[in-house]
file target-v4.pdb (PDB, C-alpha atoms)
ATOM      1  CA  MET S   1     127.786  89.545 114.168
ATOM      2  CA  TRP S   2     125.799  91.704 116.565
ATOM      3  CA  LYS S   3     126.413  94.768 114.408
ATOM      4  CA  TYR S   4     124.986  92.872 111.454
ATOM      5  CA  ILE S   5     121.863  91.894 113.407
ATOM      6  CA  VAL S   6     121.306  95.476 114.590
ATOM      7  CA  LYS S   7     121.688  96.804 111.038
ATOM      8  CA  ARG S   8     119.211  94.274 109.694
ATOM      9  CA  VAL S   9     116.674  95.078 112.423
ATOM     10  CA  LEU S  10     117.005  98.807 111.686
ATOM     11  CA  LEU S  11     116.332  98.092 108.020
ATOM     12  CA  PHE S  12     113.032  96.418 108.945
ATOM     13  CA  ILE S  13     111.039  99.653 109.068
ATOM     14  CA  PRO S  14     111.988 101.121 105.659
ATOM     15  CA  THR S  15     111.762  97.671 104.074
ATOM     16  CA  ILE S  16     108.249  97.055 105.375
ATOM     17  CA  VAL S  17     107.145 100.586 104.434
ATOM     18  CA  ILE S  18     108.365 100.114 100.860
ATOM     19  CA  ILE S  19     106.703  96.696 100.646
ATOM     20  CA  SER S  20     103.420  98.083 101.998
ATOM     21  CA  PHE S  21     103.473 100.832  99.365
ATOM     22  CA  VAL S  22     104.139  98.349  96.562
ATOM     23  CA  ILE S  23     101.343  96.048  97.818
ATOM     24  CA  PHE S  24      98.822  98.879  98.024
ATOM     25  CA  PHE S  25      99.842 100.232  94.617
ATOM     26  CA  ILE S  26      99.551  96.851  92.889
ATOM     27  CA  MET S  27      96.108  96.286  94.381
ATOM     28  CA  GLN S  28      94.942  99.506  92.699
ATOM     29  CA  LEU S  29      95.999  98.338  89.226
ATOM     30  CA  PRO S  30      92.907  96.200  88.449
ATOM     31  CA  GLU S  31      90.013  98.251  87.154
ATOM     32  CA  GLY S  32      87.360  99.147  89.712
ATOM     33  CA  ASP S  33      87.239  98.578  93.473
ATOM     34  CA  TYR S  34      85.166  96.730  96.068
ATOM     35  CA  VAL S  35      82.082  98.824  95.316
ATOM     36  CA  SER S  36      82.351  97.981  91.619
ATOM     37  CA  SER S  37      82.557  94.256  92.430
ATOM     38  CA  TYR S  38      79.672  94.506  94.901
ATOM     39  CA  VAL S  39      77.432  96.428  92.489
ATOM     40  CA  ALA S  40      78.182  93.966  89.675
ATOM     41  CA  ARG S  41      77.186  91.013  91.911
ATOM     42  CA  MET S  42      73.995  92.709  93.058
ATOM     43  CA  GLN S  43      73.010  93.719  89.533
ATOM     44  CA  ALA S  44      73.467  90.116  88.434
ATOM     45  CA  GLU S  45      70.853  89.225  91.072
ATOM     46  CA  GLY S  46      68.419  91.848  89.796
ATOM     47  CA  GLU S  47      69.255  94.845  92.006
ATOM     48  CA  VAL S  48      69.236  98.305  90.445
ATOM     49  CA  PHE S  49      71.803 100.976  91.309
ATOM     50  CA  THR S  50      71.913 104.583  90.172
ATOM     51  CA  GLU S  51      75.112 106.574  89.839
ATOM     52  CA  ALA S  52      74.181 108.392  93.044
ATOM     53  CA  ASP S  53      73.820 105.070  94.875
ATOM     54  CA  VAL S  54      77.263 103.946  93.686
ATOM     55  CA  ALA S  55      78.806 107.293  94.674
ATOM     56  CA  ALA S  56      77.194 107.061  98.114
ATOM     57  CA  LEU S  57      78.534 103.548  98.635
ATOM     58  CA  ARG S  58      82.008 104.605  97.545
ATOM     59  CA  ALA S  59      81.914 107.539  99.980
ATOM     60  CA  GLU S  60      80.646 105.262 102.774
ATOM     61  CA  TYR S  61      83.590 102.892 102.321
ATOM     62  CA  GLY S  62      86.083 105.724 101.927
ATOM     63  CA  LEU S  63      86.858 104.740  98.344
ATOM     64  CA  ASP S  64      86.068 108.179  96.943
ATOM     65  CA  LYS S  65      89.530 109.434  97.899
ATOM     66  CA  PRO S  66      92.668 109.012  95.752
ATOM     67  CA  TRP S  67      94.582 105.825  96.549
ATOM     68  CA  PRO S  68      97.730 107.631  97.827
ATOM     69  CA  VAL S  69      95.572 109.365 100.444
ATOM     70  CA  ARG S  70      93.980 106.070 101.457
ATOM     71  CA  TYR S  71      97.425 104.439 101.661
ATOM     72  CA  VAL S  72      98.761 107.157 103.979
ATOM     73  CA  GLN S  73      95.652 106.913 106.167
ATOM     74  CA  TRP S  74      95.964 103.111 106.322
ATOM     75  CA  VAL S  75      99.648 103.206 107.319
ATOM     76  CA  TRP S  76      99.100 105.984 109.847
ATOM     77  CA  LYS S  77      96.288 104.062 111.565
ATOM     78  CA  ILE S  78      98.478 100.945 111.730
ATOM     79  CA  ILE S  79     101.329 102.901 113.339
ATOM     80  CA  SER S  80      99.294 105.106 115.672
ATOM     81  CA  GLN S  81      96.388 102.840 116.643
ATOM     82  CA  GLY S  82      97.265  99.320 115.528
ATOM     83  CA  ASP S  83      94.200  99.540 113.283
ATOM     84  CA  PHE S  84      94.645  97.599 110.038
ATOM     85  CA  GLY S  85      91.452  98.898 108.500
ATOM     86  CA  TYR S  86      87.950  97.667 107.844
ATOM     87  CA  SER S  87      86.991  94.602 105.814
ATOM     88  CA  PHE S  88      84.262  95.569 103.374
ATOM     89  CA  ALA S  89      83.183  91.999 102.681
ATOM     90  CA  TYR S  90      83.015  90.871 106.325
ATOM     91  CA  GLY S  91      81.753  94.168 107.703
ATOM     92  CA  ARG S  92      84.169  94.289 110.629
ATOM     93  CA  PRO S  93      87.804  95.173 111.452
ATOM     94  CA  VAL S  94      90.413  93.378 109.370
ATOM     95  CA  TRP S  95      92.382  91.982 112.300
ATOM     96  CA  SER S  96      89.319  90.329 113.817
ATOM     97  CA  VAL S  97      88.726  88.549 110.493
ATOM     98  CA  ILE S  98      92.336  87.366 110.420
ATOM     99  CA  MET S  99      92.264  86.174 114.030
ATOM    100  CA  ASP S 100      89.227  83.978 113.309
ATOM    101  CA  ARG S 101      91.527  81.566 111.466
ATOM    102  CA  PHE S 102      94.942  82.616 112.731
ATOM    103  CA  TRP S 103      95.662  79.935 115.328
ATOM    104  CA  LEU S 104      94.285  77.129 113.194
ATOM    105  CA  THR S 105      96.442  78.348 110.309
ATOM    106  CA  VAL S 106      99.511  78.398 112.550
ATOM    107  CA  LEU S 107      98.751  74.898 113.880
ATOM    108  CA  VAL S 108      98.291  73.407 110.420
ATOM    109  CA  SER S 109     101.299  75.169 108.907
ATOM    110  CA  LEU S 110     103.695  74.363 111.760
ATOM    111  CA  THR S 111     102.602  70.722 111.672
ATOM    112  CA  ILE S 112     103.257  70.627 107.939
ATOM    113  CA  MET S 113     106.678  72.258 108.423
ATOM    114  CA  LEU S 114     107.572  69.705 111.091
ATOM    115  CA  PHE S 115     106.432  66.862 108.834
ATOM    116  CA  THR S 116     108.411  68.286 105.905
ATOM    117  CA  TYR S 117     111.737  68.509 107.719
ATOM    118  CA  LEU S 118     111.401  65.288 109.728
ATOM    119  CA  VAL S 119     110.694  63.304 106.556
ATOM    120  CA  SER S 120     112.899  65.046 104.008
ATOM    121  CA  LEU S 121     116.185  65.345 105.900
ATOM    122  CA  PRO S 122     116.646  61.631 106.761
ATOM    123  CA  ILE S 123     115.580  60.565 103.254
ATOM    124  CA  GLY S 124     117.913  63.073 101.602
ATOM    125  CA  ILE S 125     120.845  61.913 103.732
ATOM    126  CA  TYR S 126     120.042  58.245 103.043
ATOM    127  CA  SER S 127     119.881  58.844  99.289
ATOM    128  CA  ALA S 128     123.255  60.600  99.319
ATOM    129  CA  LEU S 129     124.934  57.881 101.397
ATOM    130  CA  HIS S 130     123.441  55.099  99.227
ATOM    131  CA  GLN S 131     123.845  56.701  95.805
ATOM    132  CA  TYR S 132     122.508  54.612  92.910
ATOM    133  CA  SER S 133     121.138  51.950  95.248
ATOM    134  CA  VAL S 134     117.662  50.483  94.866
ATOM    135  CA  GLY S 135     116.458  52.659  97.732
ATOM    136  CA  ASP S 136     117.960  55.775  96.129
ATOM    137  CA  TYR S 137     116.240  55.073  92.817
ATOM    138  CA  ALA S 138     112.917  54.319  94.510
ATOM    139  CA  LEU S 139     113.028  57.476  96.621
ATOM    140  CA  SER S 140     114.072  59.532  93.597
ATOM    141  CA  VAL S 141     111.053  58.291  91.641
ATOM    142  CA  VAL S 142     108.762  59.124  94.561
ATOM    143  CA  GLY S 143     110.394  62.539  94.875
ATOM    144  CA  PHE S 144     109.947  63.384  91.197
ATOM    145  CA  LEU S 145     106.327  62.243  91.312
ATOM    146  CA  GLY S 146     105.711  64.367  94.383
ATOM    147  CA  MET S 147     107.203  67.454  92.737
ATOM    148  CA  ALA S 148     105.382  66.879  89.441
ATOM    149  CA  THR S 149     101.920  66.120  90.849
ATOM    150  CA  PRO S 150      99.819  69.256  91.519
ATOM    151  CA  ASN S 151      98.819  69.487  95.168
ATOM    152  CA  PHE S 152      95.130  69.945  94.407
ATOM    153  CA  LEU S 153      95.135  66.807  92.219
ATOM    154  CA  LEU S 154      96.801  64.796  94.973
ATOM    155  CA  ALA S 155      94.178  66.122  97.404
ATOM    156  CA  ILE S 156      91.349  64.934  95.151
ATOM    157  CA  ILE S 157      92.956  61.502  94.760
ATOM    158  CA  LEU S 158      93.461  61.043  98.505
ATOM    159  CA  MET S 159      89.963  62.230  99.371
ATOM    160  CA  TYR S 160      88.496  59.878  96.767
ATOM    161  CA  ALA S 161      90.569  56.983  98.142
ATOM    162  CA  SER S 162      89.430  57.844 101.678
ATOM    163  CA  PHE S 163      85.803  57.891 100.555
ATOM    164  CA  LYS S 164      86.089  54.511  98.819
ATOM    165  CA  ILE S 165      87.831  52.912 101.811
ATOM    166  CA  THR S 166      86.065  54.505 104.785
ATOM    167  CA  GLY S 167      82.987  56.160 103.256
ATOM    168  CA  ASP S 168      84.223  59.575 104.436
ATOM    169  CA  PRO S 169      86.245  61.867 102.112
ATOM    170  CA  LEU S 170      87.606  63.699 105.200
ATOM    171  CA  LEU S 171      86.717  67.043 103.649
ATOM    172  CA  GLY S 172      87.737  69.875 105.955
ATOM    173  CA  LEU S 173      89.363  69.768 109.374
ATOM    174  CA  PHE S 174      86.110  69.533 111.331
ATOM    175  CA  SER S 175      83.307  67.020 111.247
ATOM    176  CA  PRO S 176      79.685  68.238 111.565
ATOM    177  CA  GLU S 177      79.771  67.165 115.214
ATOM    178  CA  MET S 178      82.880  69.295 115.824
ATOM    179  CA  LEU S 179      81.304  72.290 114.140
ATOM    180  CA  GLN S 180      78.328  71.960 116.459
ATOM    181  CA  ASN S 181      80.054  71.091 119.758
ATOM    182  CA  GLY S 182      83.654  72.194 119.202
ATOM    183  CA  VAL S 183      86.894  70.198 119.449
ATOM    184  CA  HIS S 184      87.278  68.272 122.707
ATOM    185  CA  TRP S 185      89.414  65.395 123.947
ATOM    186  CA  TYR S 186      86.798  62.808 122.973
ATOM    187  CA  ASN S 187      86.794  63.918 119.319
ATOM    188  CA  PHE S 188      90.427  65.068 119.089
ATOM    189  CA  GLY S 189      91.342  61.787 117.390
ATOM    190  CA  GLU S 190      88.911  62.622 114.592
ATOM    191  CA  PHE S 191      90.562  66.034 114.202
ATOM    192  CA  LEU S 192      94.009  64.403 113.937
ATOM    193  CA  LYS S 193      92.672  61.954 111.355
ATOM    194  CA  ARG S 194      91.411  64.857 109.265
ATOM    195  CA  MET S 195      94.847  66.473 109.477
ATOM    196  CA  VAL S 196      96.510  63.561 107.658
ATOM    197  CA  ILE S 197      95.452  64.445 104.093
ATOM    198  CA  PRO S 198      96.325  68.195 104.373
ATOM    199  CA  ILE S 199      99.737  67.334 105.833
ATOM    200  CA  ILE S 200     100.504  64.863 103.039
ATOM    201  CA  VAL S 201      99.128  67.077 100.264
ATOM    202  CA  ILE S 202     100.678  70.414 101.264
ATOM    203  CA  GLY S 203     103.838  68.912 102.718
ATOM    204  CA  THR S 204     104.645  66.645  99.770
ATOM    205  CA  SER S 205     105.960  69.252  97.336
ATOM    206  CA  GLY S 206     108.184  70.887  99.936
ATOM    207  CA  THR S 207     109.376  67.525 101.209
ATOM    208  CA  CYS S 208     110.373  66.301  97.759
ATOM    209  CA  GLY S 209     112.170  69.534  96.983
ATOM    210  CA  ILE S 210     114.215  69.399 100.191
ATOM    211  CA  ILE S 211     115.079  65.716  99.576
ATOM    212  CA  ARG S 212     116.555  66.547  96.168
ATOM    213  CA  THR S 213     118.403  69.575  97.580
ATOM    214  CA  VAL S 214     119.913  67.715 100.545
ATOM    215  CA  ARG S 215     120.922  64.749  98.379
ATOM    216  CA  ALA S 216     122.682  66.945  95.814
ATOM    217  CA  GLN S 217     124.421  69.054  98.455
ATOM    218  CA  MET S 218     125.561  66.025 100.439
ATOM    219  CA  LEU S 219     127.050  64.383  97.345
ATOM    220  CA  ASP S 220     128.845  67.615  96.487
ATOM    221  CA  GLU S 221     130.252  68.058 100.008
ATOM    222  CA  GLN S 222     131.420  64.449 100.283
ATOM    223  CA  ALA S 223     133.517  64.860  97.144
ATOM    224  CA  LYS S 224     135.254  68.043  98.339
ATOM    225  CA  GLN S 225     138.890  68.176  99.382
ATOM    226  CA  TYR S 226     138.295  68.589 103.109
ATOM    227  CA  ALA S 227     136.246  65.379 103.227
ATOM    228  CA  LEU S 228     138.921  63.453 101.332
ATOM    229  CA  VAL S 229     141.646  64.766 103.675
ATOM    230  CA  ALA S 230     139.564  63.844 106.726
ATOM    231  CA  ARG S 231     139.161  60.286 105.411
ATOM    232  CA  ALA S 232     142.898  60.051 104.742
ATOM    233  CA  LYS S 233     143.578  61.088 108.350
ATOM    234  CA  GLY S 234     141.318  58.318 109.640
ATOM    235  CA  VAL S 235     138.326  60.410 110.709
ATOM    236  CA  SER S 236     135.258  58.215 110.967
ATOM    237  CA  GLU S 237     132.736  58.347 108.137
ATOM    238  CA  ALA S 238     129.954  59.242 110.591
ATOM    239  CA  THR S 239     131.909  62.281 111.813
ATOM    240  CA  ILE S 240     132.644  63.429 108.265
ATOM    241  CA  THR S 241     129.001  62.970 107.248
ATOM    242  CA  TYR S 242     127.134  64.456 110.191
ATOM    243  CA  LYS S 243     129.602  66.959 111.655
ATOM    244  CA  TYR S 244     130.992  68.474 108.484
ATOM    245  CA  CYS S 245     129.155  67.544 105.283
ATOM    246  CA  LEU S 246     125.627  67.754 106.693
ATOM    247  CA  ARG S 247     126.144  71.190 108.235
ATOM    248  CA  ALA S 248     127.293  72.577 104.894
ATOM    249  CA  ALA S 249     124.583  70.726 102.971
ATOM    250  CA  LEU S 250     121.843  72.265 105.115
ATOM    251  CA  ASN S 251     122.662  75.821 104.001
ATOM    252  CA  PRO S 252     120.086  75.893 101.153
ATOM    253  CA  VAL S 253     117.477  74.314 103.424
ATOM    254  CA  VAL S 254     117.989  76.954 106.104
ATOM    255  CA  SER S 255     117.910  79.682 103.455
ATOM    256  CA  GLY S 256     114.376  78.579 102.585
ATOM    257  CA  LEU S 257     113.155  79.294 106.106
ATOM    258  CA  ALA S 258     111.853  82.715 105.068
ATOM    259  CA  GLY S 259     109.416  81.193 102.612
ATOM    260  CA  SER S 260     108.356  78.609 105.173
ATOM    261  CA  LEU S 261     107.497  81.285 107.729
ATOM    262  CA  SER S 262     105.531  83.192 105.123
ATOM    263  CA  SER S 263     103.508  80.095 104.272
ATOM    264  CA  ILE S 264     102.394  79.875 107.916
ATOM    265  CA  PHE S 265     100.041  82.780 107.289
ATOM    266  CA  SER S 266      98.526  81.621 104.043
ATOM    267  CA  GLY S 267      99.187  77.938 103.471
ATOM    268  CA  SER S 268      98.611  76.422 100.030
ATOM    269  CA  THR S 269      95.637  78.438  98.812
ATOM    270  CA  ILE S 270      94.358  76.214  95.996
ATOM    271  CA  SER S 271      94.811  73.019  98.018
ATOM    272  CA  ALA S 272      93.101  74.631 101.007
ATOM    273  CA  ILE S 273      90.103  75.551  98.849
ATOM    274  CA  VAL S 274      89.874  72.019  97.415
ATOM    275  CA  MET S 275      90.096  70.447 100.890
ATOM    276  CA  ASN S 276      87.811  73.073 102.468
ATOM    277  CA  LEU S 277      90.404  74.083 105.066
ATOM    278  CA  ALA S 278      89.468  76.993 107.317
ATOM    279  CA  ILE S 279      92.855  78.731 107.079
ATOM    280  CA  GLN S 280      94.038  82.104 105.762
ATOM    281  CA  GLY S 281      94.709  81.087 102.145
ATOM    282  CA  PRO S 282      91.047  81.015 101.015
ATOM    283  CA  VAL S 283      90.408  84.272 102.895
ATOM    284  CA  LEU S 284      93.188  85.977 100.941
ATOM    285  CA  PHE S 285      91.883  84.551  97.667
ATOM    286  CA  GLU S 286      88.362  85.866  98.292
ATOM    287  CA  ALA S 287      89.682  89.232  99.451
ATOM    288  CA  LEU S 288      91.693  89.649  96.258
ATOM    289  CA  LYS S 289      88.779  88.492  94.116
ATOM    290  CA  THR S 290      86.354  90.980  95.685
ATOM    291  CA  GLN S 291      89.006  93.730  95.941
ATOM    292  CA  ASP S 292      88.662  93.897  99.706
ATOM    293  CA  THR S 293      91.699  96.177  99.825
ATOM    294  CA  TYR S 294      92.528  96.406 103.511
ATOM    295  CA  LEU S 295      91.969  92.719 104.270
ATOM    296  CA  SER S 296      94.097  91.468 101.373
ATOM    297  CA  GLY S 297      96.683  94.184 101.968
ATOM    298  CA  THR S 298      97.042  93.254 105.640
ATOM    299  CA  ILE S 299      97.454  89.550 104.884
ATOM    300  CA  LEU S 300     100.056  90.272 102.192
ATOM    301  CA  LEU S 301     101.838  92.757 104.461
ATOM    302  CA  THR S 302     101.962  90.197 107.265
ATOM    303  CA  GLN S 303     103.404  87.633 104.857
ATOM    304  CA  ALA S 304     106.049  90.141 103.788
ATOM    305  CA  PHE S 305     106.902  90.847 107.433
ATOM    306  CA  LEU S 306     107.337  87.115 108.064
ATOM    307  CA  VAL S 307     109.619  86.841 105.015
ATOM    308  CA  VAL S 308     111.814  89.640 106.361
ATOM    309  CA  VAL S 309     111.915  88.055 109.814
ATOM    310  CA  GLY S 310     112.532  84.615 108.329
ATOM    311  CA  THR S 311     115.406  85.945 106.220
ATOM    312  CA  LEU S 312     117.079  87.435 109.292
ATOM    313  CA  VAL S 313     116.587  84.241 111.307
ATOM    314  CA  SER S 314     117.929  82.069 108.474
ATOM    315  CA  ASP S 315     120.993  84.315 108.072
ATOM    316  CA  ILE S 316     121.748  84.073 111.801
ATOM    317  CA  ILE S 317     121.377  80.281 111.735
ATOM    318  CA  LEU S 318     123.609  80.074 108.653
ATOM    319  CA  ALA S 319     126.314  82.122 110.373
ATOM    320  CA  TRP S 320     126.147  79.804 113.375
ATOM    321  CA  MET S 321     126.164  76.612 111.289
ATOM    322  CA  ASP S 322     128.792  77.559 108.701
ATOM    323  CA  PRO S 323     132.023  79.180 109.962
ATOM    324  CA  ARG S 324     132.877  80.218 106.386
ATOM    325  CA  ILE S 325     130.128  82.832 106.497
ATOM    326  CA  ARG S 326     131.291  86.169 107.867
ATOM    327  CA  TYR S 327     129.298  89.341 108.283
ATOM    328  CA  GLU S 328     131.930  91.614 109.812
ATOM    329  CA  LYS S 329     134.851  93.044 107.871
ATOM    330  CA  GLY S 330     138.336  92.470 109.165
ATOM    331  CA  ARG S 331     137.595  89.008 110.530
ATOM    332  CA  ASP S 332     139.220  85.848 109.182
TER     333      ASP S 332
END

call {"tool": "encode", "arguments": {"input": "target-v4.pdb", "output": "C-alpha cells"}}
result
Amino acid sequence: MWKYIVKRVLLFIPTIVIISFVIFFIMQLPEGDYVSSYVARMQAEGEVFTEADVAALRAEYGLDKPWPVRYVQWVWKIISQGDFGYSFAYGRPVWSVIMDRFWLTVLVSLTIMLFTYLVSLPIGIYSALHQYSVGDYALSVVGFLGMATPNFLLAIILMYASFKITGDPLLGLFSPEMLQNGVHWYNFGEFLKRMVIPIIVIGTSGTCGIIRTVRAQMLDEQAKQYALVARAKGVSEATITYKYCLRAALNPVVSGLAGSLSSIFSGSTISAIVMNLAIQGPVLFEALKTQDTYLSGTILLTQAFLVVVGTLVSDIILAWMDPRIRYEKGRD
C-alpha cells in the first residue's frame, strides 16, 4: 500500500506538467489574445488604435513572444519563484486575484459538500431498505426532478419565491450593510440566511445523483451471495446493511471525491453568476472570455491539481474501506 502511495505521489509532477501544457495549448487555440479582446472592446467605445499601438500593447503584456516560450517562462516562474503570472484584466499578480475570493469559495464549497453527503447518504440508504414504498417513490420523484432541473433555473425560482415571501431575493452572499461594514457576529445570521439558496441550488444536483447511486448499489449488494449467507447464519440485518453492504455501496461515492475537491475552487459557474456569488467560478468565466491567459490557466491548473490529489485520496479511502481492493502484487 505504501509503495502504491509513493508511486502515485512521484507521478504528480509529470502529470501536472503535462496537464499544464495541455491547458496552455488549448487556451491558445481561439483566435487572438487579451490585447485583441481589449482593443475590440475599446474600439466599440470609440477608441482608435493603430497597428503600432496594438504592437506596443502586445509587447507590454509579453504577448509578442511565441506561446511555447511564454509557457516555459510561466512554468519556470511558478517553480522558481512561486509566481503564477500577471492578470491583464485586474492589473496585478494572478495569485492575489485568486486569494481575494479563495476562502469564501472554500467555505461555500465545503458547506455544499457537507450538505450533499449528509442529505444524500441517509436518503439513499432509506430508499434501498424501503424499495417500492411510498417514501421510495416520493424520494425518487424528487431526485429525478432535482437532476433534471437546471441549477440556474432553480436559483431563479428560489430567489423569486424569496422575494415574494420576504421582499428580499437574497441575491449574493452579502447584504449592502455587510459590504459596507463587513461580516460580524451581529449580522452573521443574515450571512447564513443568504447561504441557504446557494447550498440548495448547487447541492441539489450532486445530492440527487448520490441518492440514486447509493440506492442502486445498496440494492445490488443486498442481493449478493455474501449477504444471503450472512442472513442464513443469523447475522442481524443492521450488521449486514451497515457493516458490509454500505461499505461496498459507498465505493462509487468515494470515487467521486476528486471531482468534489475540484469544485471547491470553482463552484457552479453559471449558478454563481445568476446568484451573484463572489466565488472563483465567475472569475474563471471572465478570464476565459477576455483571454486573460495566466489567470485562467492558474485556476484551471489548480483545479487539475485538486483532481489529482482527490483521486489519490479517494483511492486510499477505497483501499481502506474495501478489502477486495489490492494495490500490491503477491497479496491475497

call {"tool": "resolve_selection", "arguments": {"input": "target-v4.pdb", "expression": "the PyMOL selection byres ((chain S and resi 136) around 12)", "output": "list in words"}}
result
Ile123, Gly124, Ile125, Tyr126, Ser127, Ala128, Leu129, His130, Gln131, Tyr132, Ser133, Val134, Gly135, Tyr137, Ala138, Leu139, Ser140, Val141, Val142, Gly143, Ile211, Arg212 and Arg215 of chain S

call {"tool": "write_last_selection", "arguments": {"input": "target-v4.pdb", "atoms": "C-alpha atoms", "output": "compact mmCIF listing (two decimals), keeping the file's coordinate frame"}}
result
# COMPACT_ATOMS: atom_id res chain seq x y z
CA ILE S 123 115.58 60.56 103.25
CA GLY S 124 117.91 63.07 101.60
CA ILE S 125 120.84 61.91 103.73
CA TYR S 126 120.04 58.24 103.04
CA SER S 127 119.88 58.84 99.29
CA ALA S 128 123.26 60.60 99.32
CA LEU S 129 124.93 57.88 101.40
CA HIS S 130 123.44 55.10 99.23
CA GLN S 131 123.84 56.70 95.80
CA TYR S 132 122.51 54.61 92.91
CA SER S 133 121.14 51.95 95.25
CA VAL S 134 117.66 50.48 94.87
CA GLY S 135 116.46 52.66 97.73
CA TYR S 137 116.24 55.07 92.82
CA ALA S 138 112.92 54.32 94.51
CA LEU S 139 113.03 57.48 96.62
CA SER S 140 114.07 59.53 93.60
CA VAL S 141 111.05 58.29 91.64
CA VAL S 142 108.76 59.12 94.56
CA GLY S 143 110.39 62.54 94.88
CA ILE S 211 115.08 65.72 99.58
CA ARG S 212 116.56 66.55 96.17
CA ARG S 215 120.92 64.75 98.38

call {"tool": "atom_distance", "arguments": {"input": "target-v4.pdb", "atom1": "CA of Leu284 (chain S)", "atom2": "CA of Leu306 (chain S)"}}
result
15.9 Å

call {"tool": "atom_distance", "arguments": {"input": "target-v4.pdb", "atom1": "CA of Val119 (chain S)", "atom2": "CA of Thr207 (chain S)"}}
result
6.9 Å

call {"tool": "resolve_selection", "arguments": {"input": "target-v4.pdb", "expression": "the PyMOL selection byres ((chain S and resi 96-102) around 9)", "output": "list in words"}}
result
Ser87, Tyr90, Arg92, Pro93, Val94, Trp95, Trp103, Leu104, Thr105, Val106, Leu107, Phe265, Ala278, Ile279, Gln280, Val283, Leu295, Thr298 and Ile299 of chain S

call {"tool": "atom_distance", "arguments": {"input": "target-v4.pdb", "atom1": "CA of Tyr34 (chain S)", "atom2": "CA of Phe88 (chain S)"}}
result
7.5 Å

call {"tool": "decode", "arguments": {"input": "target-v4.pdb", "residues": "region 220-232 of chain S", "atoms": "N, CA, C and O atoms", "output": "compact mmCIF listing (two decimals), in the first residue's frame"}}
result
# COMPACT_ATOMS: atom_id res chain seq x y z
N ASP S 220 -28.05 -3.73 -5.07
CA ASP S 220 -27.20 -4.74 -5.70
C ASP S 220 -26.44 -5.54 -4.64
O ASP S 220 -26.35 -6.77 -4.74
N GLU S 221 -25.89 -4.86 -3.63
CA GLU S 221 -25.11 -5.55 -2.61
C GLU S 221 -26.00 -6.46 -1.75
O GLU S 221 -25.59 -7.55 -1.36
N GLN S 222 -27.20 -6.01 -1.44
CA GLN S 222 -28.09 -6.82 -0.60
C GLN S 222 -28.51 -8.12 -1.27
O GLN S 222 -28.90 -9.07 -0.59
N ALA S 223 -28.47 -8.15 -2.59
CA ALA S 223 -28.87 -9.36 -3.31
C ALA S 223 -27.69 -10.30 -3.58
O ALA S 223 -27.90 -11.38 -4.15
N LYS S 224 -26.49 -9.92 -3.19
CA LYS S 224 -25.32 -10.75 -3.47
C LYS S 224 -25.24 -11.94 -2.51
O LYS S 224 -25.86 -11.95 -1.45
N GLN S 225 -24.41 -12.90 -2.89
CA GLN S 225 -24.35 -14.17 -2.16
C GLN S 225 -23.91 -14.00 -0.72
O GLN S 225 -24.44 -14.63 0.19
N TYR S 226 -22.93 -13.12 -0.48
CA TYR S 226 -22.42 -12.98 0.88
C TYR S 226 -23.48 -12.46 1.83
O TYR S 226 -23.54 -12.84 3.01
N ALA S 227 -24.37 -11.58 1.33
CA ALA S 227 -25.45 -11.08 2.18
C ALA S 227 -26.47 -12.17 2.47
O ALA S 227 -26.97 -12.29 3.60
N LEU S 228 -26.77 -13.00 1.47
CA LEU S 228 -27.71 -14.09 1.69
C LEU S 228 -27.16 -15.11 2.67
O LEU S 228 -27.88 -15.62 3.54
N VAL S 229 -25.87 -15.42 2.58
CA VAL S 229 -25.23 -16.36 3.50
C VAL S 229 -25.23 -15.80 4.92
O VAL S 229 -25.50 -16.51 5.89
N ALA S 230 -24.94 -14.49 5.04
CA ALA S 230 -24.94 -13.86 6.37
C ALA S 230 -26.32 -13.93 7.00
O ALA S 230 -26.45 -14.21 8.21
N ARG S 231 -27.37 -13.71 6.21
CA ARG S 231 -28.73 -13.82 6.75
C ARG S 231 -29.03 -15.25 7.19
O ARG S 231 -29.65 -15.48 8.23
N ALA S 232 -28.59 -16.22 6.38
CA ALA S 232 -28.83 -17.63 6.72
C ALA S 232 -28.12 -18.03 8.00
O ALA S 232 -28.60 -18.91 8.73
